[in-house]
Amino acid sequence: MVDVPLMRALLRALPTEAALLLVGDVDQLPSVGPGQVLADIIGSGTLPVVRLTEVFRQAATSQVIVNAHRINAGRMPELAAVEGSDFFFVEAADPEEGVRKLLAVVKTRIPARFGLDPIRDIQVLCPMNRGGLGARSLNIALQQALNPPGEVRVERFGWSYGVGDKVMQVTNDYDRDVYNGDLGMVTAIDPEEAELVVSFEGRTVVYGFGELDELVLAYATTIHKSQGSEYPAVVIPLTTQHYTMLARNLLYTGVTRGKRLVVLVGQRRALAIAVRNGSARRRWSKLGEWLGGAGVPINLQPASSHSVPMPSG
């Protein structure tokens, strides 16, 4: 998730006697900002690299982990229903059926079978914002199904907010100490003071009604927005409606956000397209060239590469 400007700032801040150890997953989506720092460092061949490759037996009991590795290797995940599994595929012939089945999965089926709260514990992750199975439309449908707006509500910037709604901060607000991607719950609305109160993991933040452009509903969000986060349960809609965004690293990133449960809802054809599409768009920067010695000279030890077992989790 670290982009070029942020890595530059980090390296400038390190004392000369410090060592830097980078831990990451190069197969996930690249940073939102410019560059592909981790991929360029690994691809340069100038730094020691250890890649974790083996799934140990205790982790192999999780179909989420097994299928994440299958997807990453360009293989279809195992979709056969298995008793006690934590990975499921719910087939839907078209987006309209997909919406109906997704709402049933989130509102009824997962809470009944796994005892998870449909608002706090389940996160819908979409390939894109647009379309019937995009994050924006699903937010409206999920809000209506899980927490319909009551008499006390506020409508601003295209959204309607009520007490109990799940929301996401979409800008960095250093004064309030809340940042892009933070999830919270609306706990109070005061029409007289024109204020809305959000709890971010127990910390209260007050917004004026005119400041609500910093928030969006977050029953559903995009996989890109979920980078760096994890949730007890993840539901991912996949149809050919999302064709332009169907890629292996996007699907892999979405699946690996789920801690206890992952449910895919949609078409097998769309799933197959995503798994096969391993050609990510190339990003251009000078970092790899400079690390290779063609640009700024850097005194580095010869590269070494190792493949070692991957611990569970």
# chains A, B, ... in the order shown; residues from 1 in each chain; ligands from 1

$ residues_around --residues "Arg109 (chain A)" --least-positions-apart "4" --cutoff "12 Å" --atoms "only C-alpha atoms" --output "number ranges by chain"
A: 88, 90, 101-105, 113-118, 122, 235, 263

$ residues_around --residues "Asp121 (chain A)" --least-positions-apart "4" --cutoff "12 Å" --atoms "only C-alpha atoms" --output "tab-separated table (two decimals) with C-alpha atoms, in the first residue's frame"
chain	number	residue	atom	x	y	z
A	106	VAL	CA	-26.14	-10.65	4.34
A	107	LYS	CA	-29.45	-10.14	6.14
A	110	ILE	CA	-24.92	-15.60	7.38
A	111	PRO	CA	-26.39	-14.30	10.68
A	114	PHE	CA	-22.65	-18.16	11.77
A	115	GLY	CA	-24.14	-15.82	14.39
A	116	LEU	CA	-22.54	-12.73	12.85
A	117	ASP	CA	-24.05	-9.25	13.03
A	166	LYS	CA	-22.42	2.06	8.93
A	183	LEU	CA	-15.33	2.64	9.39
A	219	TYR	CA	-22.52	-1.38	4.05
A	230	GLU	CA	-9.93	-7.16	7.38
A	231	TYR	CA	-13.43	-8.19	8.42
A	232	PRO	CA	-15.02	-11.21	10.13
A	233	ALA	CA	-17.04	-11.96	6.98
A	234	VAL	CA	-16.73	-10.72	3.41
A	235	VAL	CA	-19.35	-10.97	0.64
A	258	GLY	CA	-12.11	-12.16	5.18
A	259	LYS	CA	-10.97	-13.49	8.57
A	260	ARG	CA	-13.66	-16.10	9.23
A	261	LEU	CA	-15.86	-16.31	6.15
A	262	VAL	CA	-15.88	-15.43	2.43

$ residues_around --residues "Glu83 (chain A)" --least-positions-apart "5" --cutoff "12 Å" --atoms "only C-alpha atoms" --output "VMD selection string"
chain A and resid 61 to 63 88

$ closest_residue --among "A:Leu21, A:Tyr207, A:Trp159, A:Ile189" --to "Arg176 (chain A)" --atoms "only C-alpha atoms"
A:Tyr207

$ residues_around --residues "Tyr179 (chain A)" --least-positions-apart "4" --cutoff "8 Å" --atoms "only C-alpha atoms" --output "ChimeraX atom specification"
/A:169-174

$ select_by_dssp --residues "region 14-122 of chain A" --states "strand (DSSP E)" --output "ChimeraX atom specification"
/A:49-55,87-91,122

$ select_by_dssp --residues "region 173-306 of chain A" --states "alpha helix (DSSP H)" --output "JSON, numbers by chain"
{"A": [248, 249, 250, 251, 252, 253, 254, 255, 268, 269, 270, 271, 272, 273, 274, 275, 276, 287, 288, 289, 290, 291]}

$ closest_atom_pairs --of "region 47-149 of chain A" --to "region 161-165 of chain A" --cutoff "9 Å" --atoms "only C-alpha atoms" --output "CSV"
residue,atom,partner,partner_atom,distance
A:Ile119,CA,A:Asp165,CA,8.2
A:Gln143,CA,A:Asp165,CA,7.3
A:Leu146,CA,A:Asp165,CA,8.8
A:Asn147,CA,A:Asp165,CA,6.6
A:Pro148,CA,A:Gly162,CA,7.9
A:Pro149,CA,A:Gly162,CA,5.3

$ closest_residue --among "A:Gly288, A:Phe200, A:Ser137, A:Val216" --to "Val167 (chain A)" --atoms "only C-alpha atoms"
A:Val216

$ closest_residue --among "A:Val64, A:Ala13, A:Met7, A:Val255" --to "Glu78 (chain A)" --atoms "only C-alpha atoms"
A:Val64

$ closest_residue --among "A:Leu138, A:Val197, A:Leu22, A:Ala188" --to "Glu96 (chain A)" --atoms "only C-alpha atoms"
A:Leu138

$ decode --residues "region 245-281 of chain A" --atoms "C-alpha atoms" --output "PDB file, in the first residue's frame"
ATOM      1  CA  MET A 245     -12.401  -4.569 -13.235  1.00  0.00           C
ATOM      2  CA  LEU A 246     -12.255  -8.361 -13.172  1.00  0.00           C
ATOM      3  CA  ALA A 247      -8.625  -9.187 -12.442  1.00  0.00           C
ATOM      4  CA  ARG A 248      -6.781 -11.792 -10.391  1.00  0.00           C
ATOM      5  CA  ASN A 249      -5.119  -9.356  -7.991  1.00  0.00           C
ATOM      6  CA  LEU A 250      -8.456  -7.615  -7.330  1.00  0.00           C
ATOM      7  CA  LEU A 251     -10.215 -10.894  -6.510  1.00  0.00           C
ATOM      8  CA  TYR A 252      -7.239 -12.132  -4.453  1.00  0.00           C
ATOM      9  CA  THR A 253      -7.208  -8.899  -2.449  1.00  0.00           C
ATOM     10  CA  GLY A 254     -10.947  -9.129  -1.771  1.00  0.00           C
ATOM     11  CA  VAL A 255     -10.851 -12.777  -0.694  1.00  0.00           C
ATOM     12  CA  THR A 256      -7.945 -12.185   1.684  1.00  0.00           C
ATOM     13  CA  ARG A 257      -9.899  -9.478   3.548  1.00  0.00           C
ATOM     14  CA  GLY A 258     -12.113 -12.157   5.176  1.00  0.00           C
ATOM     15  CA  LYS A 259     -10.972 -13.492   8.568  1.00  0.00           C
ATOM     16  CA  ARG A 260     -13.665 -16.105   9.232  1.00  0.00           C
ATOM     17  CA  LEU A 261     -15.864 -16.315   6.147  1.00  0.00           C
ATOM     18  CA  VAL A 262     -15.876 -15.428   2.433  1.00  0.00           C
ATOM     19  CA  VAL A 263     -18.967 -15.674   0.203  1.00  0.00           C
ATOM     20  CA  LEU A 264     -18.884 -15.003  -3.552  1.00  0.00           C
ATOM     21  CA  VAL A 265     -22.228 -14.136  -5.162  1.00  0.00           C
ATOM     22  CA  GLY A 266     -22.566 -14.118  -8.930  1.00  0.00           C
ATOM     23  CA  GLN A 267     -21.569 -15.874 -12.129  1.00  0.00           C
ATOM     24  CA  ARG A 268     -18.970 -18.611 -12.577  1.00  0.00           C
ATOM     25  CA  ARG A 269     -17.988 -17.022 -15.890  1.00  0.00           C
ATOM     26  CA  ALA A 270     -17.134 -13.741 -14.161  1.00  0.00           C
ATOM     27  CA  LEU A 271     -15.135 -15.630 -11.538  1.00  0.00           C
ATOM     28  CA  ALA A 272     -13.214 -17.470 -14.264  1.00  0.00           C
ATOM     29  CA  ILE A 273     -12.471 -14.200 -16.090  1.00  0.00           C
ATOM     30  CA  ALA A 274     -11.032 -12.695 -12.907  1.00  0.00           C
ATOM     31  CA  VAL A 275      -8.910 -15.763 -12.130  1.00  0.00           C
ATOM     32  CA  ARG A 276      -7.488 -15.944 -15.667  1.00  0.00           C
ATOM     33  CA  ASN A 277      -6.750 -12.216 -15.902  1.00  0.00           C
ATOM     34  CA  GLY A 278      -3.333 -12.031 -14.296  1.00  0.00           C
ATOM     35  CA  SER A 279      -2.062  -9.151 -16.426  1.00  0.00           C
ATOM     36  CA  ALA A 280      -2.045  -6.112 -14.172  1.00  0.00           C
ATOM     37  CA  ARG A 281      -1.583  -2.680 -15.728  1.00  0.00           C
TER      38      ARG A 281
END
